[in-house]
file model07.cif (mmCIF, C-alpha atoms)
data_structure
#
loop_
_atom_site.label_atom_id
_atom_site.label_comp_id
_atom_site.auth_asym_id
_atom_site.auth_seq_id
_atom_site.Cartn_x
_atom_site.Cartn_y
_atom_site.Cartn_z
CA MET K 1 68.38 35.11 -18.67
CA HIS K 2 71.93 34.79 -17.34
CA PRO K 3 74.25 32.78 -19.66
CA LYS K 4 74.78 30.11 -16.99
CA ALA K 5 71.04 29.58 -16.53
CA LEU K 6 70.55 29.51 -20.31
CA LEU K 7 73.31 26.93 -20.67
CA ASP K 8 71.76 24.75 -17.94
CA GLU K 9 68.35 25.05 -19.63
CA SER K 10 69.90 24.02 -22.96
CA ALA K 11 71.50 20.95 -21.40
CA ARG K 12 68.16 19.83 -19.90
CA LEU K 13 66.37 20.24 -23.22
CA ILE K 14 69.08 18.43 -25.19
CA GLU K 15 68.86 15.45 -22.84
CA GLN K 16 65.10 15.23 -23.48
CA VAL K 17 65.46 15.49 -27.27
CA PHE K 18 68.20 12.86 -27.39
CA LYS K 19 65.88 10.19 -26.04
CA PHE K 20 64.46 10.22 -29.60
CA GLU K 21 61.07 9.06 -28.35
CA HIS K 22 59.26 11.94 -30.09
CA PRO K 23 60.05 14.38 -32.92
CA ALA K 24 62.45 17.11 -31.83
CA ASP K 25 60.04 19.93 -32.67
CA ALA K 26 57.37 18.34 -30.44
CA VAL K 27 59.81 17.98 -27.52
CA VAL K 28 60.99 21.59 -27.90
CA ALA K 29 57.39 22.87 -28.12
CA ARG K 30 56.41 20.95 -24.98
CA HIS K 31 59.44 22.33 -23.11
CA PHE K 32 58.40 25.87 -24.03
CA ARG K 33 54.80 25.23 -22.92
CA GLU K 34 56.06 23.96 -19.56
CA ASN K 35 58.44 26.92 -19.14
CA ARG K 36 56.36 29.94 -20.12
CA SER K 37 58.74 32.37 -18.45
CA LEU K 38 61.19 31.88 -21.33
CA GLY K 39 61.20 34.92 -23.60
CA PRO K 40 61.42 34.89 -27.43
CA ARG K 41 65.20 35.40 -27.38
CA GLU K 42 65.78 32.54 -24.93
CA ARG K 43 63.51 30.25 -26.95
CA ALA K 44 65.37 31.05 -30.15
CA THR K 45 68.73 30.33 -28.48
CA LEU K 46 67.51 27.02 -27.04
CA SER K 47 66.02 25.94 -30.36
CA ASP K 48 69.14 26.92 -32.33
CA THR K 49 71.34 25.00 -29.89
CA VAL K 50 69.25 21.82 -30.12
CA TYR K 51 69.04 21.88 -33.91
CA GLY K 52 72.73 22.72 -34.23
CA ILE K 53 73.60 19.57 -32.28
CA LEU K 54 71.18 17.41 -34.27
CA ARG K 55 72.75 18.62 -37.53
CA GLU K 56 76.36 18.00 -36.42
CA ARG K 57 75.81 15.27 -33.85
CA LEU K 58 78.71 12.94 -34.74
CA LYS K 59 81.24 15.77 -34.91
CA LEU K 60 80.08 17.42 -31.68
CA GLU K 61 79.89 14.13 -29.75
CA TRP K 62 83.44 13.34 -30.87
CA LEU K 63 84.67 16.78 -29.72
CA ALA K 64 82.72 16.50 -26.47
CA ARG K 65 84.62 13.36 -25.46
CA SER K 66 87.69 15.47 -24.67
CA GLY K 67 85.82 17.59 -22.11
CA SER K 68 84.60 16.89 -18.60
CA GLY K 69 81.30 17.16 -16.74
CA SER K 70 77.83 16.37 -18.08
CA LYS K 71 77.71 15.22 -21.72
CA TRP K 72 74.64 17.38 -22.32
CA ARG K 73 76.37 20.48 -20.94
CA ARG K 74 79.42 19.84 -23.14
CA LEU K 75 77.21 19.51 -26.24
CA ALA K 76 75.32 22.67 -25.31
CA ILE K 77 78.61 24.60 -24.97
CA LEU K 78 79.85 23.40 -28.36
CA ALA K 79 76.61 24.19 -30.23
CA PHE K 80 75.68 27.41 -28.41
CA PRO K 81 74.89 30.04 -31.09
CA GLY K 82 76.23 33.58 -31.30
CA GLU K 83 79.41 35.16 -30.02
CA ARG K 84 81.69 32.93 -27.94
CA ASP K 85 82.27 35.71 -25.35
CA PHE K 86 78.64 35.39 -24.20
CA ILE K 87 78.80 31.67 -23.46
CA LYS K 88 82.36 31.91 -22.06
CA SER K 89 81.06 34.15 -19.28
CA ALA K 90 79.25 31.04 -17.95
CA LEU K 91 82.28 28.70 -18.18
CA THR K 92 85.07 27.72 -15.83
CA GLU K 93 88.66 28.43 -16.92
CA PRO K 94 89.28 24.74 -17.90
CA GLU K 95 86.05 24.80 -19.96
CA LYS K 96 87.15 27.97 -21.77
CA THR K 97 90.50 26.36 -22.65
CA TRP K 98 88.74 23.19 -23.83
CA LEU K 99 86.28 25.18 -26.00
CA ASP K 100 89.13 27.13 -27.63
CA HIS K 101 90.85 23.82 -28.41
CA CYS K 102 87.64 22.42 -29.97
CA ASP K 103 87.05 25.58 -32.02
CA ALA K 104 90.57 25.27 -33.45
CA VAL K 105 89.90 21.79 -34.92
CA THR K 106 89.79 21.97 -38.74
CA ASP K 107 87.86 19.83 -41.21
CA ALA K 108 91.13 18.22 -42.28
CA GLU K 109 91.47 16.74 -38.79
CA LEU K 110 87.98 15.19 -38.85
CA MET K 111 87.04 11.71 -40.00
CA ALA K 112 84.52 11.39 -42.85
CA GLN K 113 81.55 10.67 -40.57
CA HIS K 114 82.33 13.77 -38.49
CA ARG K 115 82.18 15.88 -41.65
CA HIS K 116 78.93 14.46 -43.05
CA ASN K 117 77.16 13.76 -39.73
CA LEU K 118 74.95 11.02 -41.15
CA PRO K 119 74.44 7.44 -39.96
CA ASP K 120 76.55 5.07 -42.08
CA TRP K 121 73.59 3.42 -43.83
CA LEU K 122 72.17 6.78 -44.95
CA ALA K 123 75.53 8.18 -46.04
CA ALA K 124 76.05 5.10 -48.23
CA ALA K 125 72.55 5.32 -49.72
CA LEU K 126 72.95 8.99 -50.65
CA ARG K 127 76.51 8.65 -51.95
CA GLU K 128 75.36 5.83 -54.24
CA GLN K 129 72.82 8.18 -55.83
CA VAL K 130 74.72 11.48 -56.15
CA GLY K 131 78.37 10.37 -56.31
CA ASP K 132 80.68 13.41 -56.48
CA GLU K 133 77.84 15.69 -55.36
CA PHE K 134 77.73 14.00 -51.95
CA ASP K 135 79.63 16.74 -50.09
CA ALA K 136 77.43 19.44 -51.65
CA LEU K 137 74.30 17.49 -50.66
CA VAL K 138 75.52 17.06 -47.08
CA ALA K 139 76.34 20.77 -46.82
CA SER K 140 72.84 21.68 -48.03
CA LEU K 141 71.16 19.26 -45.60
CA ASN K 142 73.06 20.84 -42.71
CA GLN K 143 71.81 24.35 -43.54
CA PRO K 144 68.46 25.61 -42.19
CA ALA K 145 65.79 25.76 -44.89
CA PRO K 146 64.67 29.16 -46.24
CA LEU K 147 61.15 30.40 -45.58
CA ASP K 148 59.00 30.02 -48.71
CA LEU K 149 55.49 31.35 -49.25
CA ARG K 150 52.82 30.44 -51.82
CA VAL K 151 50.59 33.17 -53.20
CA ASN K 152 46.88 32.42 -52.78
CA LEU K 153 45.51 33.18 -56.25
CA LEU K 154 42.02 33.64 -54.84
CA LYS K 155 43.23 36.80 -53.13
CA ALA K 156 46.42 38.06 -54.78
CA LYS K 157 48.95 37.78 -57.58
CA ARG K 158 52.65 37.27 -57.03
CA GLU K 159 53.68 40.80 -58.02
CA GLY K 160 51.14 42.26 -55.60
CA ALA K 161 52.26 39.94 -52.82
CA LEU K 162 55.92 40.88 -53.37
CA THR K 163 54.94 44.54 -53.06
CA SER K 164 53.08 43.73 -49.82
CA MET K 165 56.17 41.97 -48.43
CA LYS K 166 58.29 45.05 -49.18
CA ALA K 167 55.72 47.33 -47.54
CA SER K 168 55.93 45.12 -44.42
CA GLY K 169 59.71 45.59 -44.29
CA LEU K 170 60.50 42.06 -45.51
CA VAL K 171 63.12 41.22 -48.12
CA SER K 172 61.71 38.72 -50.63
CA ALA K 173 62.15 37.42 -54.17
CA PRO K 174 60.24 35.15 -56.57
CA THR K 175 61.12 31.45 -56.27
CA PRO K 176 63.03 30.19 -59.33
CA TYR K 177 60.71 27.30 -60.21
CA SER K 178 57.21 27.70 -58.78
CA PRO K 179 55.26 30.53 -60.50
CA LEU K 180 53.37 30.98 -57.21
CA GLY K 181 56.32 31.08 -54.81
CA ILE K 182 58.05 33.81 -52.80
CA ARG K 183 61.28 33.24 -50.85
CA LEU K 184 61.88 35.41 -47.79
CA GLN K 185 65.25 36.48 -46.48
CA GLY K 186 65.78 35.26 -42.92
CA LYS K 187 63.04 33.82 -40.71
CA PRO K 188 60.73 36.75 -39.93
CA SER K 189 57.58 36.29 -37.87
CA LEU K 190 54.52 36.48 -40.10
CA ALA K 191 51.95 36.82 -37.31
CA LYS K 192 51.42 40.55 -37.94
CA VAL K 193 52.21 40.70 -41.67
CA PRO K 194 48.98 41.87 -43.36
CA ALA K 195 49.39 39.69 -46.48
CA PHE K 196 49.68 36.59 -44.27
CA VAL K 197 46.92 37.53 -41.83
CA GLN K 198 44.55 38.22 -44.73
CA GLY K 199 45.35 34.89 -46.42
CA GLU K 200 47.07 36.32 -49.49
CA VAL K 201 50.13 34.13 -48.82
CA GLU K 202 50.66 30.83 -47.03
CA VAL K 203 53.85 29.14 -45.81
CA GLN K 204 54.79 26.30 -48.19
CA ASP K 205 58.17 25.03 -49.41
CA GLU K 206 58.68 25.59 -53.13
CA GLY K 207 59.03 21.85 -53.71
CA SER K 208 55.69 21.19 -52.07
CA GLN K 209 54.10 23.82 -54.32
CA LEU K 210 55.22 21.86 -57.37
CA LEU K 211 53.28 18.79 -56.22
CA ALA K 212 50.00 20.73 -56.35
CA LEU K 213 50.94 22.04 -59.80
CA LEU K 214 51.51 18.45 -60.99
CA LEU K 215 47.99 17.54 -59.89
CA ASP K 216 46.62 20.47 -61.95
CA ALA K 217 43.16 20.38 -60.37
CA LYS K 218 40.46 22.24 -62.33
CA ARG K 219 37.31 24.17 -61.54
CA GLY K 220 34.31 22.05 -60.61
CA GLU K 221 36.20 18.76 -60.23
CA MET K 222 36.06 16.13 -57.47
CA VAL K 223 39.54 15.96 -55.95
CA VAL K 224 41.14 14.09 -53.03
CA ASP K 225 44.25 15.01 -51.04
CA PHE K 226 44.70 11.50 -49.65
CA CYS K 227 47.25 12.24 -46.88
CA ALA K 228 46.47 15.89 -46.19
CA GLY K 229 48.33 16.42 -42.90
CA ALA K 230 48.16 20.06 -41.86
CA GLY K 231 46.95 20.94 -45.35
CA GLY K 232 49.61 23.00 -47.13
CA LYS K 233 49.00 21.20 -50.42
CA THR K 234 45.23 21.07 -49.76
CA LEU K 235 45.13 24.87 -49.70
CA ALA K 236 47.15 25.09 -52.92
CA ILE K 237 44.83 22.60 -54.66
CA GLY K 238 41.69 24.40 -53.46
CA ALA K 239 42.98 27.70 -54.84
CA ALA K 240 43.81 26.04 -58.18
CA MET K 241 40.17 24.86 -58.28
CA ARG K 242 39.13 28.48 -57.77
CA ASN K 243 37.12 27.48 -54.71
CA SER K 244 34.72 25.39 -56.83
CA GLY K 245 34.02 21.65 -57.02
CA ARG K 246 34.71 19.46 -54.01
CA LEU K 247 38.07 18.82 -52.38
CA TYR K 248 38.34 16.07 -49.75
CA ALA K 249 41.24 16.30 -47.29
CA PHE K 250 41.78 12.81 -45.85
CA ASP K 251 44.13 12.01 -42.99
CA THR K 252 44.38 9.42 -40.24
CA SER K 253 45.17 12.16 -37.72
CA GLY K 254 42.26 14.31 -36.61
CA HIS K 255 44.79 16.43 -34.72
CA ARG K 256 46.64 17.28 -37.95
CA LEU K 257 43.36 18.11 -39.69
CA ASP K 258 42.44 20.43 -36.81
CA ALA K 259 45.60 22.40 -37.60
CA LEU K 260 44.17 22.98 -41.09
CA LYS K 261 41.11 24.88 -39.80
CA PRO K 262 42.72 28.28 -39.05
CA ARG K 263 44.64 28.09 -42.34
CA LEU K 264 41.38 27.34 -44.18
CA ALA K 265 39.71 30.33 -42.52
CA ARG K 266 42.50 32.65 -43.70
CA SER K 267 42.50 31.22 -47.22
CA GLY K 268 38.86 31.98 -48.01
CA LEU K 269 38.30 28.45 -49.32
CA SER K 270 34.88 26.86 -48.83
CA ASN K 271 35.25 23.82 -51.13
CA VAL K 272 37.50 21.84 -48.73
CA HIS K 273 36.01 18.97 -46.71
CA PRO K 274 38.41 17.57 -44.05
CA VAL K 275 37.72 13.90 -43.27
CA ALA K 276 39.50 11.91 -40.55
CA ILE K 277 39.86 8.27 -41.65
CA ALA K 278 40.86 5.18 -39.68
CA HIS K 279 43.14 3.74 -42.39
CA GLU K 280 43.56 3.58 -46.15
CA ARG K 281 40.69 1.06 -46.47
CA ASP K 282 38.15 3.19 -44.56
CA ASP K 283 34.51 2.87 -45.73
CA ARG K 284 34.36 6.62 -46.39
CA ILE K 285 36.99 6.08 -49.09
CA LYS K 286 35.17 3.11 -50.61
CA ARG K 287 32.02 5.18 -51.12
CA LEU K 288 33.97 7.50 -53.47
CA ALA K 289 35.47 4.70 -55.60
CA GLY K 290 35.42 5.54 -59.31
CA LYS K 291 34.04 9.06 -58.75
CA ILE K 292 37.16 11.22 -58.35
CA ASP K 293 38.90 13.29 -61.04
CA ARG K 294 42.28 13.72 -59.33
CA VAL K 295 44.06 12.22 -56.31
CA LEU K 296 47.25 13.39 -54.63
CA VAL K 297 49.01 10.83 -52.42
CA ASP K 298 51.71 12.67 -50.48
CA ALA K 299 52.52 9.46 -48.65
CA PRO K 300 53.82 9.04 -45.11
CA CYS K 301 57.57 8.50 -45.50
CA SER K 302 60.93 8.67 -43.77
CA GLY K 303 60.99 12.46 -44.31
CA LEU K 304 64.70 12.33 -45.13
CA GLY K 305 64.24 15.05 -47.75
CA THR K 306 63.39 17.47 -44.94
CA LEU K 307 66.59 17.17 -42.90
CA ARG K 308 67.15 20.93 -43.23
CA ARG K 309 64.05 21.37 -41.05
CA SER K 310 64.01 18.11 -39.07
CA PRO K 311 67.60 16.93 -38.58
CA ASP K 312 66.49 14.51 -35.85
CA LEU K 313 64.98 12.26 -38.55
CA LYS K 314 68.40 11.00 -39.62
CA TRP K 315 68.86 9.62 -36.11
CA ARG K 316 65.29 8.32 -35.72
CA GLN K 317 64.99 6.47 -39.05
CA THR K 318 66.67 3.16 -39.87
CA PRO K 319 66.67 0.75 -42.86
CA ALA K 320 63.98 -1.21 -40.98
CA THR K 321 61.67 1.81 -40.55
CA VAL K 322 62.17 2.71 -44.23
CA ALA K 323 61.15 -0.83 -45.27
CA VAL K 324 57.98 -0.58 -43.16
CA GLN K 325 57.18 2.80 -44.74
CA ALA K 326 57.60 1.39 -48.26
CA GLU K 327 55.04 -1.35 -47.52
CA LEU K 328 52.56 1.21 -46.21
CA GLN K 329 53.17 3.44 -49.23
CA GLN K 330 52.26 0.58 -51.58
CA ALA K 331 49.05 -0.10 -49.65
CA ILE K 332 48.03 3.57 -49.60
CA LEU K 333 48.75 4.06 -53.30
CA HIS K 334 46.76 0.95 -54.24
CA SER K 335 43.79 2.13 -52.18
CA ALA K 336 43.92 5.70 -53.52
CA ALA K 337 43.99 4.45 -57.12
CA ARG K 338 40.53 2.91 -56.70
CA LEU K 339 39.03 6.38 -56.22
CA LEU K 340 39.78 7.53 -59.76
CA LYS K 341 37.32 7.63 -62.62
CA PRO K 342 38.56 6.76 -66.13
CA GLY K 343 40.78 9.57 -67.41
CA GLY K 344 41.54 10.68 -63.84
CA ARG K 345 45.02 11.72 -62.65
CA LEU K 346 46.98 10.15 -59.78
CA VAL K 347 50.06 11.80 -58.24
CA TYR K 348 52.27 9.84 -55.82
CA ALA K 349 54.77 11.91 -53.83
CA THR K 350 57.14 11.68 -50.88
CA CYS K 351 59.61 13.99 -49.13
CA SER K 352 62.18 11.19 -49.12
CA LEU K 353 65.54 10.96 -50.90
CA LEU K 354 65.58 7.14 -50.97
CA PRO K 355 64.75 5.04 -54.08
CA GLN K 356 63.02 2.41 -51.89
CA GLU K 357 60.27 4.93 -51.10
CA ASN K 358 60.28 6.60 -54.50
CA GLU K 359 61.12 4.93 -57.81
CA ALA K 360 60.72 1.42 -56.38
CA VAL K 361 57.17 2.16 -55.14
CA ALA K 362 56.22 3.84 -58.43
CA GLU K 363 57.57 0.95 -60.52
CA ALA K 364 55.82 -1.67 -58.38
CA PHE K 365 52.54 0.24 -58.71
CA GLN K 366 52.95 0.46 -62.48
CA GLN K 367 53.51 -3.30 -62.75
CA ALA K 368 50.43 -4.05 -60.65
CA HIS K 369 48.21 -1.48 -62.43
CA PRO K 370 48.52 -1.63 -66.22
CA ASP K 371 45.26 0.35 -66.36
CA PHE K 372 47.29 3.42 -65.31
CA GLU K 373 49.36 5.20 -67.94
CA PRO K 374 52.46 7.12 -66.71
CA LEU K 375 52.65 10.82 -67.57
CA PRO K 376 56.07 12.57 -67.81
CA ALA K 377 56.38 15.01 -64.91
CA ALA K 378 58.63 17.31 -66.97
CA ASP K 379 55.87 17.93 -69.54
CA LEU K 380 53.26 18.60 -66.87
CA LEU K 381 55.51 21.06 -65.02
CA ALA K 382 56.37 22.89 -68.24
CA ALA K 383 52.64 23.22 -69.00
CA ALA K 384 52.18 24.70 -65.51
CA GLN K 385 54.79 27.39 -66.34
CA VAL K 386 57.35 25.96 -63.93
CA GLY K 387 60.83 27.35 -64.63
CA ASP K 388 63.45 24.95 -66.07
CA ALA K 389 61.08 21.99 -65.63
CA ALA K 390 63.41 19.45 -67.26
CA ALA K 391 66.14 20.18 -64.68
CA LEU K 392 63.76 19.13 -61.90
CA CYS K 393 63.06 15.67 -63.29
CA SER K 394 64.77 12.31 -63.66
CA GLY K 395 64.13 9.05 -65.48
CA GLU K 396 63.33 8.49 -69.14
CA GLN K 397 61.79 11.60 -70.79
CA GLY K 398 61.64 13.40 -67.43
CA GLN K 399 59.32 10.74 -66.02
CA TRP K 400 59.67 11.66 -62.34
CA LEU K 401 59.97 14.86 -60.36
CA ARG K 402 63.18 14.53 -58.31
CA LEU K 403 64.14 17.52 -56.17
CA TRP K 404 67.43 17.74 -54.27
CA PRO K 405 68.27 20.40 -51.66
CA HIS K 406 71.77 21.01 -53.07
CA ARG K 407 70.60 21.30 -56.68
CA HIS K 408 67.28 23.07 -56.32
CA ALA K 409 67.33 24.75 -52.84
CA THR K 410 64.07 22.98 -51.97
CA ASP K 411 63.32 20.10 -49.65
CA GLY K 412 63.99 16.69 -51.22
CA PHE K 413 60.86 15.56 -53.07
CA PHE K 414 59.84 12.79 -55.45
CA ALA K 415 56.67 12.53 -57.52
CA ALA K 416 55.26 10.18 -60.15
CA VAL K 417 52.09 10.83 -62.16
CA TRP K 418 49.61 8.51 -63.90
CA ARG K 419 46.35 8.79 -65.83
CA LYS K 420 43.74 6.08 -65.46
CA ARG K 421 43.14 4.75 -68.95
CA PRO K 422 39.62 5.44 -70.32
#

call {"tool": "encode", "arguments": {"input": "model07.cif", "output": "structure tokens"}}
result
Amino acid sequence: MHPKALLDESARLIEQVFKFEHPADAVVARHFRENRSLGPRERATLSDTVYGILRERLKLEWLARSGSGSKWRRLAILAFPGERDFIKSALTEPEKTWLDHCDAVTDAELMAQHRHNLPDWLAAALREQVGDEFDALVASLNQPAPLDLRVNLLKAKREGALTSMKASGLVSAPTPYSPLGIRLQGKPSLAKVPAFVQGEVEVQDEGSQLLALLLDAKRGEMVVDFCAGAGGKTLAIGAAMRNSGRLYAFDTSGHRLDALKPRLARSGLSNVHPVAIAHERDDRIKRLAGKIDRVLVDAPCSGLGTLRRSPDLKWRQTPATVAVQAELQQAILHSAARLLKPGGRLVYATCSLLPQENEAVAEAFQQAHPDFEPLPAADLLAAAQVGDAAALCSGEQGQWLRLWPHRHATDGFFAAVWRKRP
């Protein structure tokens, strides 16, 4: 595609994304479905441009003010990936001069919000937690996430999977914390990689892998993944159970559960039972009350720990939406707790960086449920052979798992663990 046509296409897509009516990845996917003539290279360029703007929105909007013409075109020019000579071939002489001027602006000339590119409320909330590490956190959130894989122990071991990656021409290394993880260099397509096609590995962020290790599901148990989504953690739990027992994958979205089916087929698991529920009080949940050995609640949340992947979330979430999420999280956790039999384990997790969705929810649950005894996450991770487990946890005696992108190179995750008293 000619640079001018690609620039025009970028501007149209950016305008759609910036309505913020739907997640950016859904808007981009729809645009590609509606424009099937776009090749892989054009799609990659469009996607990189959109996500580049979402990551550095405040800075790029500030720079764009000095230009002329459509706002969306100006943003597309500023964020266009690759060599400048390519995009300059589609620009007028005044636009080339303007772009050179923008490229010459240094960080020292920017205001604080143009360097961190976060809404004020979120910048304040994060700075309060990490203090002097704030700049390092912001830098990590503005970098694309690496591609992590989890080895499916039903079909392979990590050493064998690493050998398979090398044979497929991929550069990979063991993840530092998860004993099941592999981190790939770059973002290669896995569609024709034998180890992936055969279900020996599955895409899953290292932080997400640790949640399944905290649950520590055993052979023959009754286990529930309460908010299963597309099932990354469900697959990890099923493999830990060695394909025995019964694993229920609950979710309020049948569409998300449908996305689990091809992954299940690859994995070789037959102990997983996807169940679409209406809400956290669904009758199908009530029938299992007091019968379940382990429950994972990876609760719906703001998702602000995943800004490396979904930078639009920082512009779509607000203090009001976070407060609504925290209420829902309490309701879901309370309902999930009723499933457990005495001695059973409950894990509450989010991919949020905010205390309102994390420690505050865990502490409120503990106050309301004295029949649940907290278990230190650090001890459980160490028992699961997780590297440097204490460094991944916060609170008294390593009570909570607390992952930060800038410290641990994972998505931001929180988890709390309890045992129902006998």

call {"tool": "resolve_selection", "arguments": {"input": "model07.cif", "expression": "the PyMOL selection byres ((chain K and resi 176) around 9)", "output": "list in words"}}
result
Ala173, Pro174, Thr175, Tyr177, Ser178, Pro179, Gly181, Ile182, Glu206, Val386, Gly387, Asp388 and His408 of chain K

call {"tool": "residues_around", "arguments": {"input": "model07.cif", "residues": "stretch 309-315 of chain K", "least_positions_apart": "4", "cutoff": "8 Å", "atoms": "all atoms listed in the file", "output": "number ranges by chain"}}
result
K: 20, 23-25, 51, 54-55, 118-119, 122, 142, 144-145, 302-304

call {"tool": "resolve_selection", "arguments": {"input": "model07.cif", "expression": "the PyMOL selection byres ((chain K and resi 99) around 10)", "output": "ChimeraX atom specification"}}
result
/K:63-64,66-67,74,77-78,84,88,91,93-98,100-104

call {"tool": "residues_around", "arguments": {"input": "model07.cif", "residues": "K:Val50", "least_positions_apart": "2", "cutoff": "12 Å", "atoms": "all atoms listed in the file", "output": "PDB file with C-alpha atoms, in the frame of the given file"}}
result
ATOM      1  CA  LEU K   7      73.310  26.930 -20.670  1.00  0.00           C
ATOM      2  CA  GLU K   9      68.350  25.050 -19.630  1.00  0.00           C
ATOM      3  CA  SER K  10      69.900  24.020 -22.960  1.00  0.00           C
ATOM      4  CA  ALA K  11      71.500  20.950 -21.400  1.00  0.00           C
ATOM      5  CA  ARG K  12      68.160  19.830 -19.900  1.00  0.00           C
ATOM      6  CA  LEU K  13      66.370  20.240 -23.220  1.00  0.00           C
ATOM      7  CA  ILE K  14      69.080  18.430 -25.190  1.00  0.00           C
ATOM      8  CA  GLU K  15      68.860  15.450 -22.840  1.00  0.00           C
ATOM      9  CA  GLN K  16      65.100  15.230 -23.480  1.00  0.00           C
ATOM     10  CA  VAL K  17      65.460  15.490 -27.270  1.00  0.00           C
ATOM     11  CA  PHE K  18      68.200  12.860 -27.390  1.00  0.00           C
ATOM     12  CA  ALA K  24      62.450  17.110 -31.830  1.00  0.00           C
ATOM     13  CA  ASP K  25      60.040  19.930 -32.670  1.00  0.00           C
ATOM     14  CA  VAL K  27      59.810  17.980 -27.520  1.00  0.00           C
ATOM     15  CA  VAL K  28      60.990  21.590 -27.900  1.00  0.00           C
ATOM     16  CA  ARG K  43      63.510  30.250 -26.950  1.00  0.00           C
ATOM     17  CA  ALA K  44      65.370  31.050 -30.150  1.00  0.00           C
ATOM     18  CA  THR K  45      68.730  30.330 -28.480  1.00  0.00           C
ATOM     19  CA  LEU K  46      67.510  27.020 -27.040  1.00  0.00           C
ATOM     20  CA  SER K  47      66.020  25.940 -30.360  1.00  0.00           C
ATOM     21  CA  ASP K  48      69.140  26.920 -32.330  1.00  0.00           C
ATOM     22  CA  GLY K  52      72.730  22.720 -34.230  1.00  0.00           C
ATOM     23  CA  ILE K  53      73.600  19.570 -32.280  1.00  0.00           C
ATOM     24  CA  LEU K  54      71.180  17.410 -34.270  1.00  0.00           C
ATOM     25  CA  ARG K  55      72.750  18.620 -37.530  1.00  0.00           C
ATOM     26  CA  GLU K  56      76.360  18.000 -36.420  1.00  0.00           C
ATOM     27  CA  ARG K  57      75.810  15.270 -33.850  1.00  0.00           C
ATOM     28  CA  LEU K  60      80.080  17.420 -31.680  1.00  0.00           C
ATOM     29  CA  TRP K  72      74.640  17.380 -22.320  1.00  0.00           C
ATOM     30  CA  ARG K  73      76.370  20.480 -20.940  1.00  0.00           C
ATOM     31  CA  LEU K  75      77.210  19.510 -26.240  1.00  0.00           C
ATOM     32  CA  ALA K  76      75.320  22.670 -25.310  1.00  0.00           C
ATOM     33  CA  ILE K  77      78.610  24.600 -24.970  1.00  0.00           C
ATOM     34  CA  LEU K  78      79.850  23.400 -28.360  1.00  0.00           C
ATOM     35  CA  ALA K  79      76.610  24.190 -30.230  1.00  0.00           C
ATOM     36  CA  PHE K  80      75.680  27.410 -28.410  1.00  0.00           C
ATOM     37  CA  PRO K  81      74.890  30.040 -31.090  1.00  0.00           C
ATOM     38  CA  SER K 310      64.010  18.110 -39.070  1.00  0.00           C
ATOM     39  CA  PRO K 311      67.600  16.930 -38.580  1.00  0.00           C
ATOM     40  CA  ASP K 312      66.490  14.510 -35.850  1.00  0.00           C
TER      41      ASP K 312
END

call {"tool": "atom_distance", "arguments": {"input": "model07.cif", "atom1": "atom CA of K:Asp411", "atom2": "atom CA of K:Leu296"}}
result
18.1 Å

call {"tool": "resolve_selection", "arguments": {"input": "model07.cif", "expression": "the PyMOL selection byres ((chain K and resi 337) around 12)", "output": "count of residues only"}}
result
46

call {"tool": "atom_distance", "arguments": {"input": "model07.cif", "atom1": "atom CA of K:His116", "atom2": "atom CA of K:Val138"}}
result
5.9 Å

call {"tool": "residues_around", "arguments": {"input": "model07.cif", "residues": "stretch 243-250 of chain K", "least_positions_apart": "3", "cutoff": "9 Å", "atoms": "only C-alpha atoms", "output": "PDB file with C-alpha atoms, in the coordinates of the input"}}
result
ATOM      1  CA  LEU K 154      42.020  33.640 -54.840  1.00  0.00           C
ATOM      2  CA  LYS K 218      40.460  22.240 -62.330  1.00  0.00           C
ATOM      3  CA  ARG K 219      37.310  24.170 -61.540  1.00  0.00           C
ATOM      4  CA  GLY K 220      34.310  22.050 -60.610  1.00  0.00           C
ATOM      5  CA  GLU K 221      36.200  18.760 -60.230  1.00  0.00           C
ATOM      6  CA  MET K 222      36.060  16.130 -57.470  1.00  0.00           C
ATOM      7  CA  VAL K 223      39.540  15.960 -55.950  1.00  0.00           C
ATOM      8  CA  VAL K 224      41.140  14.090 -53.030  1.00  0.00           C
ATOM      9  CA  ASP K 225      44.250  15.010 -51.040  1.00  0.00           C
ATOM     10  CA  PHE K 226      44.700  11.500 -49.650  1.00  0.00           C
ATOM     11  CA  CYS K 227      47.250  12.240 -46.880  1.00  0.00           C
ATOM     12  CA  ALA K 228      46.470  15.890 -46.190  1.00  0.00           C
ATOM     13  CA  GLY K 229      48.330  16.420 -42.900  1.00  0.00           C
ATOM     14  CA  GLY K 231      46.950  20.940 -45.350  1.00  0.00           C
ATOM     15  CA  THR K 234      45.230  21.070 -49.760  1.00  0.00           C
ATOM     16  CA  ILE K 237      44.830  22.600 -54.660  1.00  0.00           C
ATOM     17  CA  GLY K 238      41.690  24.400 -53.460  1.00  0.00           C
ATOM     18  CA  ALA K 239      42.980  27.700 -54.840  1.00  0.00           C
ATOM     19  CA  ALA K 240      43.810  26.040 -58.180  1.00  0.00           C
ATOM     20  CA  SER K 253      45.170  12.160 -37.720  1.00  0.00           C
ATOM     21  CA  LEU K 257      43.360  18.110 -39.690  1.00  0.00           C
ATOM     22  CA  GLY K 268      38.860  31.980 -48.010  1.00  0.00           C
ATOM     23  CA  LEU K 269      38.300  28.450 -49.320  1.00  0.00           C
ATOM     24  CA  SER K 270      34.880  26.860 -48.830  1.00  0.00           C
ATOM     25  CA  ASN K 271      35.250  23.820 -51.130  1.00  0.00           C
ATOM     26  CA  VAL K 272      37.500  21.840 -48.730  1.00  0.00           C
ATOM     27  CA  HIS K 273      36.010  18.970 -46.710  1.00  0.00           C
ATOM     28  CA  PRO K 274      38.410  17.570 -44.050  1.00  0.00           C
ATOM     29  CA  VAL K 275      37.720  13.900 -43.270  1.00  0.00           C
ATOM     30  CA  ALA K 276      39.500  11.910 -40.550  1.00  0.00           C
ATOM     31  CA  ILE K 277      39.860   8.270 -41.650  1.00  0.00           C
ATOM     32  CA  ILE K 285      36.990   6.080 -49.090  1.00  0.00           C
TER      33      ILE K 285
END
